[in-house]
file final16.txt (compact mmCIF, C-alpha atoms)
# COMPACT_ATOMS: atom_id res chain seq x y z
CA MET Y 251 -11.49 -12.82 -15.83
CA SER Y 252 -11.82 -9.22 -14.61
CA VAL Y 253 -8.49 -8.08 -13.13
CA PRO Y 254 -8.55 -5.12 -10.72
CA GLU Y 255 -6.55 -2.18 -11.96
CA HIS Y 256 -5.48 -1.20 -8.45
CA VAL Y 257 -4.81 -3.63 -5.58
CA ALA Y 258 -3.92 -2.48 -2.06
CA ILE Y 259 -2.51 -4.90 0.53
CA ILE Y 260 -1.91 -4.87 4.28
CA MET Y 261 0.95 -7.35 4.64
CA ASP Y 262 0.14 -8.73 8.08
CA GLY Y 263 1.58 -11.72 9.95
CA ASN Y 264 5.38 -11.63 9.67
CA GLY Y 265 5.93 -11.81 13.44
CA ARG Y 266 3.41 -14.60 14.00
CA TRP Y 267 4.83 -16.56 11.07
CA ALA Y 268 8.26 -16.49 12.72
CA SER Y 269 6.89 -17.21 16.20
CA HIS Y 270 5.05 -20.33 14.98
CA ARG Y 271 8.40 -21.62 13.72
CA GLY Y 272 10.39 -20.72 16.81
CA MET Y 273 12.28 -18.04 14.90
CA PRO Y 274 13.03 -14.41 15.79
CA ARG Y 275 10.67 -11.74 14.46
CA ALA Y 276 13.49 -10.43 12.27
CA THR Y 277 13.37 -13.65 10.26
CA GLY Y 278 9.67 -13.14 9.72
CA HIS Y 279 10.21 -9.61 8.42
CA ARG Y 280 12.92 -10.77 6.01
CA SER Y 281 10.62 -13.56 4.76
CA GLY Y 282 7.89 -10.97 4.37
CA ALA Y 283 10.17 -8.86 2.16
CA ARG Y 284 10.74 -11.87 -0.10
CA ALA Y 285 6.99 -12.46 -0.30
CA ALA Y 286 6.48 -8.83 -1.30
CA ARG Y 287 8.94 -9.20 -4.16
CA GLU Y 288 7.04 -12.26 -5.44
CA ILE Y 289 3.69 -10.48 -5.22
CA VAL Y 290 5.00 -7.43 -7.08
CA GLU Y 291 6.13 -9.66 -9.94
CA SER Y 292 2.91 -11.69 -9.90
CA ALA Y 293 0.74 -8.56 -9.94
CA ARG Y 294 2.65 -7.20 -12.93
CA LYS Y 295 2.24 -10.44 -14.87
CA MET Y 296 -1.47 -10.67 -14.03
CA GLY Y 297 -2.14 -7.22 -15.48
CA VAL Y 298 -2.60 -5.20 -12.29
CA LYS Y 299 -1.66 -1.60 -13.07
CA THR Y 300 -1.16 -0.24 -9.53
CA LEU Y 301 -0.14 -2.14 -6.40
CA THR Y 302 -0.10 -0.34 -3.04
CA LEU Y 303 1.62 -2.07 -0.11
CA PHE Y 304 1.32 -0.97 3.52
CA ALA Y 305 4.93 -1.31 4.67
CA PHE Y 306 5.08 0.78 7.85
CA SER Y 307 2.18 2.54 9.57
CA SER Y 308 2.15 5.69 11.68
CA GLU Y 309 1.43 3.44 14.66
CA ASN Y 310 4.44 1.19 14.03
CA TRP Y 311 6.69 3.74 15.73
CA GLN Y 312 5.24 2.39 18.99
CA ARG Y 313 6.97 -0.96 18.49
CA PRO Y 314 10.23 -1.72 20.33
CA ARG Y 315 13.01 0.57 19.12
CA ALA Y 316 15.17 -2.33 17.96
CA GLU Y 317 12.38 -3.70 15.77
CA VAL Y 318 11.71 -0.27 14.26
CA ARG Y 319 15.41 0.08 13.39
CA LEU Y 320 15.40 -3.39 11.86
CA LEU Y 321 12.30 -2.65 9.76
CA LEU Y 322 13.65 0.62 8.41
CA ASP Y 323 17.08 -0.87 7.69
CA LEU Y 324 15.45 -3.82 5.90
CA PHE Y 325 13.35 -1.36 3.92
CA ARG Y 326 16.39 0.67 2.87
CA ARG Y 327 18.39 -2.41 1.89
CA THR Y 328 15.44 -3.87 -0.04
CA ILE Y 329 15.09 -0.70 -2.11
CA ARG Y 330 18.79 -0.71 -2.92
CA ARG Y 331 18.79 -4.43 -3.79
CA GLU Y 332 15.61 -4.49 -5.88
CA ILE Y 333 15.57 -1.16 -7.67
CA ASP Y 334 17.55 -2.25 -10.76
CA SER Y 335 15.35 -5.31 -11.25
CA MET Y 336 12.16 -3.27 -10.83
CA HIS Y 337 13.40 -0.67 -13.27
CA ALA Y 338 14.29 -3.35 -15.84
CA ASN Y 339 10.77 -4.77 -15.53
CA GLY Y 340 9.06 -1.44 -16.04
CA VAL Y 341 7.96 -0.91 -12.44
CA ARG Y 342 7.47 2.66 -11.28
CA LEU Y 343 8.17 3.06 -7.56
CA SER Y 344 6.45 5.73 -5.45
CA PHE Y 345 6.15 6.34 -1.70
CA ILE Y 346 3.32 7.89 0.30
CA GLY Y 347 3.48 8.91 3.94
CA GLU Y 348 5.33 11.30 6.25
CA ARG Y 349 9.01 11.19 5.30
CA SER Y 350 10.29 13.76 7.77
CA HIS Y 351 10.81 11.17 10.51
CA PHE Y 352 13.29 9.14 8.45
CA SER Y 353 17.05 9.52 8.24
CA ASP Y 354 18.57 11.59 5.45
CA ALA Y 355 20.07 8.41 3.98
CA LEU Y 356 16.71 6.68 3.73
CA ARG Y 357 15.01 9.73 2.25
CA ARG Y 358 17.75 9.98 -0.39
CA GLU Y 359 17.33 6.30 -1.24
CA MET Y 360 13.57 6.77 -1.66
CA SER Y 361 13.96 9.86 -3.85
CA LYS Y 362 16.58 8.20 -6.06
CA ALA Y 363 14.32 5.19 -6.60
CA GLU Y 364 11.36 7.42 -7.53
CA GLU Y 365 13.45 9.45 -9.96
CA LYS Y 366 15.01 6.40 -11.60
CA THR Y 367 11.69 4.67 -12.27
CA LEU Y 368 9.53 7.71 -13.00
CA GLY Y 369 9.02 6.89 -16.68
CA ASN Y 370 8.05 3.24 -16.20
CA ASP Y 371 4.48 2.14 -16.88
CA ALA Y 372 4.24 -1.67 -16.58
CA LEU Y 373 3.21 -1.40 -12.91
CA SER Y 374 3.00 1.44 -10.43
CA LEU Y 375 4.23 0.15 -7.06
CA VAL Y 376 3.18 2.46 -4.23
CA ILE Y 377 4.76 1.88 -0.83
CA ALA Y 378 2.92 3.38 2.15
CA ILE Y 379 5.53 4.07 4.82
CA ASP Y 380 4.96 6.08 7.99
CA TYR Y 381 1.45 6.35 6.59
CA GLY Y 382 -1.94 6.54 8.29
CA GLY Y 383 -5.37 7.12 6.81
CA ARG Y 384 -6.25 9.76 9.39
CA TRP Y 385 -2.90 11.51 8.82
CA ASP Y 386 -3.71 11.54 5.08
CA ILE Y 387 -7.10 13.20 5.64
CA VAL Y 388 -5.62 15.75 8.06
CA GLU Y 389 -2.87 16.65 5.58
CA ALA Y 390 -5.44 17.13 2.81
CA THR Y 391 -7.51 19.30 5.14
CA ARG Y 392 -4.49 21.48 5.95
CA ARG Y 393 -3.71 22.02 2.27
CA ILE Y 394 -7.33 22.96 1.55
CA ALA Y 395 -7.38 25.30 4.57
CA ARG Y 396 -4.27 27.05 3.24
CA GLU Y 397 -5.98 27.52 -0.14
CA CYS Y 398 -8.98 29.09 1.60
CA ALA Y 399 -6.75 31.33 3.73
CA ALA Y 400 -4.90 32.47 0.62
CA GLY Y 401 -8.18 33.34 -1.08
CA THR Y 402 -7.68 30.92 -3.98
CA LEU Y 403 -10.54 28.67 -2.88
CA SER Y 404 -13.95 29.35 -1.39
CA THR Y 405 -15.63 26.97 1.03
CA ASP Y 406 -18.46 26.49 -1.49
CA GLU Y 407 -15.95 25.04 -3.96
CA ILE Y 408 -14.89 22.24 -1.60
CA ASP Y 409 -16.42 18.94 -2.70
CA GLU Y 410 -15.40 15.27 -2.75
CA SER Y 411 -13.48 15.71 -5.98
CA HIS Y 412 -11.42 18.59 -4.59
CA VAL Y 413 -10.64 16.74 -1.36
CA GLY Y 414 -9.69 13.64 -3.35
CA ARG Y 415 -7.13 15.59 -5.36
CA HIS Y 416 -5.26 16.31 -2.11
CA MET Y 417 -5.11 12.70 -0.89
CA ALA Y 418 -1.80 10.82 -1.07
CA LEU Y 419 -3.11 8.35 -3.68
CA SER Y 420 -4.73 10.99 -5.88
CA GLN Y 421 -2.62 10.32 -8.98
CA PHE Y 422 -3.16 6.56 -8.79
CA GLY Y 423 -6.90 6.31 -8.21
CA ALA Y 424 -8.74 4.35 -5.54
CA PRO Y 425 -8.04 0.64 -5.04
CA ASP Y 426 -10.51 -1.75 -6.65
CA LEU Y 427 -9.43 -4.60 -4.39
CA PHE Y 428 -8.14 -4.42 -0.81
CA ILE Y 429 -6.40 -7.49 0.63
CA ARG Y 430 -5.39 -8.08 4.23
CA THR Y 431 -3.46 -11.18 5.24
CA GLY Y 432 -2.97 -12.58 8.73
CA GLY Y 433 -6.59 -13.29 9.66
CA GLU Y 434 -7.58 -9.85 10.94
CA ARG Y 435 -10.80 -8.27 9.65
CA ARG Y 436 -10.13 -4.54 9.78
CA VAL Y 437 -8.47 -1.84 7.68
CA SER Y 438 -6.28 -0.50 10.52
CA ASN Y 439 -6.13 3.16 9.50
CA PHE Y 440 -5.09 2.33 5.92
CA LEU Y 441 -6.40 4.44 3.02
CA LEU Y 442 -9.57 5.45 4.90
CA TRP Y 443 -10.70 7.86 2.18
CA ASP Y 444 -9.73 5.66 -0.77
CA LEU Y 445 -11.28 2.35 0.36
CA ALA Y 446 -14.86 3.71 0.32
CA TYR Y 447 -15.92 1.46 -2.58
CA SER Y 448 -13.13 -1.12 -2.64
CA GLU Y 449 -13.89 -4.82 -2.43
CA LEU Y 450 -12.45 -6.11 0.88
CA TYR Y 451 -10.75 -9.51 0.84
CA PHE Y 452 -9.40 -11.04 4.06
CA SER Y 453 -7.00 -13.98 4.03
CA ASP Y 454 -6.04 -16.16 7.00
CA GLU Y 455 -2.62 -16.77 5.44
CA LEU Y 456 0.26 -15.06 7.21
CA TRP Y 457 2.05 -12.69 4.85
CA PRO Y 458 5.22 -14.76 4.22
CA ASP Y 459 2.95 -17.60 3.02
CA PHE Y 460 0.96 -15.37 0.65
CA ASN Y 461 2.13 -16.20 -2.87
CA ASP Y 462 1.15 -15.91 -6.53
CA GLU Y 463 -1.57 -18.55 -6.12
CA SER Y 464 -2.96 -16.63 -3.14
CA LEU Y 465 -3.08 -13.45 -5.20
CA ALA Y 466 -4.76 -15.29 -8.07
CA ASN Y 467 -7.41 -16.59 -5.66
CA ALA Y 468 -8.09 -13.07 -4.42
CA ILE Y 469 -8.41 -11.75 -7.97
CA GLU Y 470 -10.70 -14.63 -8.92
CA TRP Y 471 -12.89 -13.74 -5.92
CA PHE Y 472 -12.90 -10.10 -7.04
CA ALA Y 473 -14.01 -11.09 -10.54
CA GLN Y 474 -17.20 -12.59 -9.09
CA ARG Y 475 -18.14 -9.46 -7.17
CA GLN Y 476 -20.78 -6.99 -8.38
CA ARG Y 477 -19.52 -3.48 -7.80
CA ARG Y 478 -22.77 -1.52 -7.78
CA PHE Y 479 -21.71 1.97 -6.62
CA GLY Y 480 -25.36 2.54 -5.62
CA ARG Y 481 -26.79 1.31 -8.93
CA LEU Y 482 -29.15 -1.60 -9.50
CA PRO Y 483 -27.51 -5.09 -9.81
CA GLN Y 484 -28.56 -5.63 -13.44
CA ALA Y 485 -26.73 -2.45 -14.46
CA VAL Y 486 -23.34 -3.71 -13.35
CA ALA Y 487 -21.32 -6.67 -14.62
CA PRO Y 488 -19.33 -8.84 -12.15
CA GLY Y 489 -16.00 -7.28 -11.26
CA GLY Y 490 -17.01 -3.94 -12.68
call {"tool": "encode", "arguments": {"input": "final16.txt", "output": "structure tokens"}}
result
Amino acid sequence: MSVPEHVAIIMDGNGRWASHRGMPRATGHRSGARAAREIVESARKMGVKTLTLFAFSSENWQRPRAEVRLLLDLFRRTIRREIDSMHANGVRLSFIGERSHFSDALRREMSKAEEKTLGNDALSLVIAIDYGGRWDIVEATRRIARECAAGTLSTDEIDESHVGRHMALSQFGAPDLFIRTGGERRVSNFLLWDLAYSELYFSDELWPDFNDESLANAIEWFAQRQRRFGRLPQAVAPGG
């Protein structure tokens, strides 16, 4: 079976999962964190090389202040709790997004985790936090504009390849498979540049219910896809 090298996931449905059970949203977010740990381990065992998880979007700042504090505190505690296990299993941890809005303590925790796991190569786990696809494109545009202003780049040299090198995911490559849980059918400002040719898989399962079998089903679906990239069908094998 063809396994995607890079899988990106919007982990949607924590709040609804809790609401359906008469529980507070905080319980849903904690259950979602446990589901994420299971999926990271499952992806590594299945041979996925890069896993990108959308943990906190640019728009999530608009949620109630108490929920934002809870999410960021849960994120910080999860890093601290899981980092030794991830390191032991060869997981490299990286973060993409705008870090300047976070506390000094959280930024230090993120940097320490990246430094500790930098040499690992069993799985690259990329966490998108305070991330938005439009923000990503704007940041790339600013960097390119600075190159032009400095005289190190001419406008004629700007092409897709050059823009791509300035995107947050540049060192990891574009996702082969995009998964969104929770029943919604949209990408919600996630990796807008990078998802151009990704296979899009939407699951009705709420994120805390998404498990290793769910991931296997998504990968099996991916293996049956023909990724043509503009070529004729007979020139491309399923999943590739």
call {"tool": "atom_distance", "arguments": {"input": "final16.txt", "atom1": "CA of Ile379 (chain Y)", "atom2": "CA of Glu348 (chain Y)"}}
result
7.4 Å
call {"tool": "closest_residue", "arguments": {"input": "final16.txt", "among": "Y:Leu465, Y:Ala372, Y:Met273, Y:Ala424", "to": "Val341 (chain Y)", "atoms": "all atoms listed in the file"}}
result
Y:Ala372
call {"tool": "closest_residue", "arguments": {"input": "final16.txt", "among": "Y:Met417, Y:Leu450, Y:Val318, Y:Ala276", "to": "Ile346 (chain Y)", "atoms": "all atoms listed in the file"}}
result
Y:Met417
call {"tool": "atom_distance", "arguments": {"input": "final16.txt", "atom1": "CA of Ala446 (chain Y)", "atom2": "CA of Arg342 (chain Y)"}}
result
25.2 Å
call {"tool": "closest_residue", "arguments": {"input": "final16.txt", "among": "Y:Pro314, Y:Thr431, Y:Arg326, Y:Leu373", "to": "Leu343 (chain Y)", "atoms": "only C-alpha atoms"}}
result
Y:Leu373
call {"tool": "residues_around", "arguments": {"input": "final16.txt", "residues": "region 380-391 of chain Y", "least_positions_apart": "6", "cutoff": "7 Å", "atoms": "only C-alpha atoms", "output": "compact mmCIF listing (two decimals) with C-alpha atoms, in the frame of the given file"}}
result
# COMPACT_ATOMS: atom_id res chain seq x y z
CA PHE Y 306 5.08 0.78 7.85
CA SER Y 307 2.18 2.54 9.57
CA SER Y 308 2.15 5.69 11.68
CA ILE Y 346 3.32 7.89 0.30
CA GLY Y 347 3.48 8.91 3.94
CA GLU Y 348 5.33 11.30 6.25
CA VAL Y 413 -10.64 16.74 -1.36
CA HIS Y 416 -5.26 16.31 -2.11
CA MET Y 417 -5.11 12.70 -0.89
CA ALA Y 418 -1.80 10.82 -1.07
CA ASN Y 439 -6.13 3.16 9.50
CA PHE Y 440 -5.09 2.33 5.92
CA LEU Y 441 -6.40 4.44 3.02
CA LEU Y 442 -9.57 5.45 4.90
call {"tool": "closest_residue", "arguments": {"input": "final16.txt", "among": "Y:Trp443, Y:Phe472, Y:Phe345, Y:Phe304", "to": "Gly414 (chain Y)", "atoms": "only C-alpha atoms"}}
result
Y:Trp443
call {"tool": "residues_around", "arguments": {"input": "final16.txt", "residues": "Phe452 (chain Y)", "least_positions_apart": "4", "cutoff": "10 Å", "atoms": "all atoms listed in the file", "output": "JSON list (two decimals) with C-alpha atoms, in the coordinates of the input"}}
result
[["chain", "number", "residue", "atom", "x", "y", "z"],
["Y", 259, "ILE", "CA", -2.51, -4.90, 0.53],
["Y", 260, "ILE", "CA", -1.91, -4.87, 4.28],
["Y", 428, "PHE", "CA", -8.14, -4.42, -0.81],
["Y", 429, "ILE", "CA", -6.40, -7.49, 0.63],
["Y", 430, "ARG", "CA", -5.39, -8.08, 4.23],
["Y", 431, "THR", "CA", -3.46, -11.18, 5.24],
["Y", 432, "GLY", "CA", -2.97, -12.58, 8.73],
["Y", 433, "GLY", "CA", -6.59, -13.29, 9.66],
["Y", 434, "GLU", "CA", -7.58, -9.85, 10.94],
["Y", 435, "ARG", "CA", -10.80, -8.27, 9.65],
["Y", 436, "ARG", "CA", -10.13, -4.54, 9.78],
["Y", 437, "VAL", "CA", -8.47, -1.84, 7.68],
["Y", 468, "ALA", "CA", -8.09, -13.07, -4.42]]
call {"tool": "atom_distance", "arguments": {"input": "final16.txt", "atom1": "CA of Val253 (chain Y)", "atom2": "CA of Asp426 (chain Y)"}}
result
9.3 Å
call {"tool": "residues_around", "arguments": {"input": "final16.txt", "residues": "Glu317 (chain Y)", "least_positions_apart": "3", "cutoff": "12 Å", "atoms": "only C-alpha atoms", "output": "ChimeraX atom specification"}}
result
/Y:265,274-279,306,310-314,320-324
call {"tool": "residues_around", "arguments": {"input": "final16.txt", "residues": "Glu291 (chain Y)", "least_positions_apart": "4", "cutoff": "9 Å", "atoms": "all atoms listed in the file", "output": "PyMOL selection string"}}
result
chain Y and resi 286-287+295-296+336+339+462
call {"tool": "write_last_selection", "arguments": {"input": "final16.txt", "atoms": "C-alpha atoms", "output": "PDB file, in the coordinates of the input"}}
result
ATOM      1  CA  ALA Y 286       6.480  -8.830  -1.300  1.00  0.00           C
ATOM      2  CA  ARG Y 287       8.940  -9.200  -4.160  1.00  0.00           C
ATOM      3  CA  LYS Y 295       2.240 -10.440 -14.870  1.00  0.00           C
ATOM      4  CA  MET Y 296      -1.470 -10.670 -14.030  1.00  0.00           C
ATOM      5  CA  MET Y 336      12.160  -3.270 -10.830  1.00  0.00           C
ATOM      6  CA  ASN Y 339      10.770  -4.770 -15.530  1.00  0.00           C
ATOM      7  CA  ASP Y 462       1.150 -15.910  -6.530  1.00  0.00           C
TER       8      ASP Y 462
END
call {"tool": "closest_residue", "arguments": {"input": "final16.txt", "among": "Y:Ala473, Y:Ile394, Y:Ala466, Y:Ala258", "to": "Glu407 (chain Y)", "atoms": "all atoms listed in the file"}}
result
Y:Ile394
call {"tool": "residues_around", "arguments": {"input": "final16.txt", "residues": "Ser404 (chain Y)", "least_positions_apart": "5", "cutoff": "10 Å", "atoms": "only C-alpha atoms", "output": "list in words"}}
result
Ile394, Ala395, Glu397, Cys398 and Ala399 of chain Y
call {"tool": "decode", "arguments": {"input": "final16.txt", "residues": "region 298-310 of chain Y", "atoms": "all heavy atoms", "output": "mmCIF file, in the first residue's frame"}}
result
data_model
loop_
_atom_site.group_PDB
_atom_site.id
_atom_site.type_symbol
_atom_site.label_atom_id
_atom_site.label_comp_id
_atom_site.auth_asym_id
_atom_site.auth_seq_id
_atom_site.Cartn_x
_atom_site.Cartn_y
_atom_site.Cartn_z
ATOM 1 N N VAL Y 298 4.811 7.083 7.804
ATOM 2 C CA VAL Y 298 4.695 8.494 7.449
ATOM 3 C C VAL Y 298 5.970 9.204 7.900
ATOM 4 O O VAL Y 298 6.456 8.977 9.005
ATOM 5 C CB VAL Y 298 3.456 9.127 8.117
ATOM 6 C CG1 VAL Y 298 3.410 10.631 7.872
ATOM 7 C CG2 VAL Y 298 2.179 8.466 7.619
ATOM 8 N N LYS Y 299 6.520 10.054 7.051
ATOM 9 C CA LYS Y 299 7.772 10.722 7.396
ATOM 10 C C LYS Y 299 7.561 12.104 8.022
ATOM 11 O O LYS Y 299 8.368 12.548 8.828
ATOM 12 C CB LYS Y 299 8.657 10.866 6.149
ATOM 13 C CG LYS Y 299 9.021 9.538 5.502
ATOM 14 C CD LYS Y 299 9.606 8.542 6.496
ATOM 15 C CE LYS Y 299 10.942 8.979 7.055
ATOM 16 N NZ LYS Y 299 11.506 7.975 8.016
ATOM 17 N N THR Y 300 6.480 12.788 7.639
ATOM 18 C CA THR Y 300 6.175 14.102 8.215
ATOM 19 C C THR Y 300 4.695 14.163 8.544
ATOM 20 O O THR Y 300 3.853 13.787 7.728
ATOM 21 C CB THR Y 300 6.523 15.251 7.246
ATOM 22 O OG1 THR Y 300 7.911 15.189 6.902
ATOM 23 C CG2 THR Y 300 6.223 16.604 7.872
ATOM 24 N N LEU Y 301 4.379 14.621 9.745
ATOM 25 C CA LEU Y 301 3.004 14.795 10.190
ATOM 26 C C LEU Y 301 2.849 16.230 10.671
ATOM 27 O O LEU Y 301 3.544 16.667 11.588
ATOM 28 C CB LEU Y 301 2.672 13.827 11.324
ATOM 29 C CG LEU Y 301 1.271 13.943 11.951
ATOM 30 C CD1 LEU Y 301 0.194 13.581 10.933
ATOM 31 C CD2 LEU Y 301 1.166 13.048 13.192
ATOM 32 N N THR Y 302 1.940 16.978 10.036
ATOM 33 C CA THR Y 302 1.686 18.363 10.432
ATOM 34 C C THR Y 302 0.302 18.460 11.049
ATOM 35 O O THR Y 302 -0.686 18.062 10.430
ATOM 36 C CB THR Y 302 1.785 19.310 9.213
ATOM 37 O OG1 THR Y 302 3.111 19.244 8.671
ATOM 38 C CG2 THR Y 302 1.486 20.750 9.625
ATOM 39 N N LEU Y 303 0.229 18.973 12.268
ATOM 40 C CA LEU Y 303 -1.030 19.086 13.002
ATOM 41 C C LEU Y 303 -1.368 20.558 13.229
ATOM 42 O O LEU Y 303 -0.520 21.335 13.676
ATOM 43 C CB LEU Y 303 -0.929 18.369 14.354
ATOM 44 C CG LEU Y 303 -0.590 16.873 14.315
ATOM 45 C CD1 LEU Y 303 -0.492 16.329 15.745
ATOM 46 C CD2 LEU Y 303 -1.616 16.094 13.514
ATOM 47 N N PHE Y 304 -2.610 20.917 12.934
ATOM 48 C CA PHE Y 304 -3.084 22.290 13.130
ATOM 49 C C PHE Y 304 -3.597 22.394 14.558
ATOM 50 O O PHE Y 304 -4.717 21.997 14.871
ATOM 51 C CB PHE Y 304 -4.199 22.580 12.130
ATOM 52 C CG PHE Y 304 -4.417 24.044 11.833
ATOM 53 C CD1 PHE Y 304 -3.580 25.027 12.331
ATOM 54 C CD2 PHE Y 304 -5.473 24.436 11.027
ATOM 55 C CE1 PHE Y 304 -3.774 26.369 12.032
ATOM 56 C CE2 PHE Y 304 -5.684 25.773 10.718
ATOM 57 C CZ PHE Y 304 -4.833 26.735 11.223
ATOM 58 N N ALA Y 305 -2.779 22.960 15.449
ATOM 59 C CA ALA Y 305 -3.103 22.978 16.867
ATOM 60 C C ALA Y 305 -3.841 24.241 17.303
ATOM 61 O O ALA Y 305 -4.688 24.202 18.194
ATOM 62 C CB ALA Y 305 -1.825 22.823 17.692
ATOM 63 N N PHE Y 306 -3.499 25.376 16.690
ATOM 64 C CA PHE Y 306 -4.076 26.652 17.121
ATOM 65 C C PHE Y 306 -3.950 27.621 15.953
ATOM 66 O O PHE Y 306 -2.843 27.926 15.516
ATOM 67 C CB PHE Y 306 -3.323 27.185 18.350
ATOM 68 C CG PHE Y 306 -3.954 28.379 19.009
ATOM 69 C CD1 PHE Y 306 -4.918 28.215 19.995
ATOM 70 C CD2 PHE Y 306 -3.577 29.667 18.658
ATOM 71 C CE1 PHE Y 306 -5.494 29.321 20.611
ATOM 72 C CE2 PHE Y 306 -4.140 30.773 19.267
ATOM 73 C CZ PHE Y 306 -5.110 30.595 20.246
ATOM 74 N N SER Y 307 -5.076 28.102 15.448
ATOM 75 C CA SER Y 307 -5.059 28.958 14.271
ATOM 76 C C SER Y 307 -4.971 30.433 14.666
ATOM 77 O O SER Y 307 -5.234 30.812 15.810
ATOM 78 C CB SER Y 307 -6.314 28.738 13.422
ATOM 79 O OG SER Y 307 -7.446 29.322 14.047
ATOM 80 N N SER Y 308 -4.658 31.266 13.692
ATOM 81 C CA SER Y 308 -4.646 32.711 13.920
ATOM 82 C C SER Y 308 -6.006 33.199 14.404
ATOM 83 O O SER Y 308 -6.104 34.127 15.215
ATOM 84 C CB SER Y 308 -4.275 33.440 12.614
ATOM 85 O OG SER Y 308 -3.060 32.968 12.090
ATOM 86 N N GLU Y 309 -7.063 32.556 13.916
ATOM 87 C CA GLU Y 309 -8.422 32.950 14.271
ATOM 88 C C GLU Y 309 -8.843 32.491 15.664
ATOM 89 O O GLU Y 309 -9.808 33.015 16.226
ATOM 90 C CB GLU Y 309 -9.411 32.401 13.232
ATOM 91 C CG GLU Y 309 -9.296 33.013 11.838
ATOM 92 C CD GLU Y 309 -8.121 32.468 11.036
ATOM 93 O OE1 GLU Y 309 -7.590 31.393 11.402
ATOM 94 O OE2 GLU Y 309 -7.720 33.111 10.065
ATOM 95 N N ASN Y 310 -8.115 31.522 16.235
ATOM 96 C CA ASN Y 310 -8.506 30.999 17.544
ATOM 97 C C ASN Y 310 -8.367 32.014 18.671
ATOM 98 O O ASN Y 310 -8.936 31.832 19.759
ATOM 99 C CB ASN Y 310 -7.696 29.738 17.890
ATOM 100 C CG ASN Y 310 -8.152 28.507 17.140
ATOM 101 O OD1 ASN Y 310 -7.397 27.545 16.986
ATOM 102 N ND2 ASN Y 310 -9.390 28.516 16.652
#
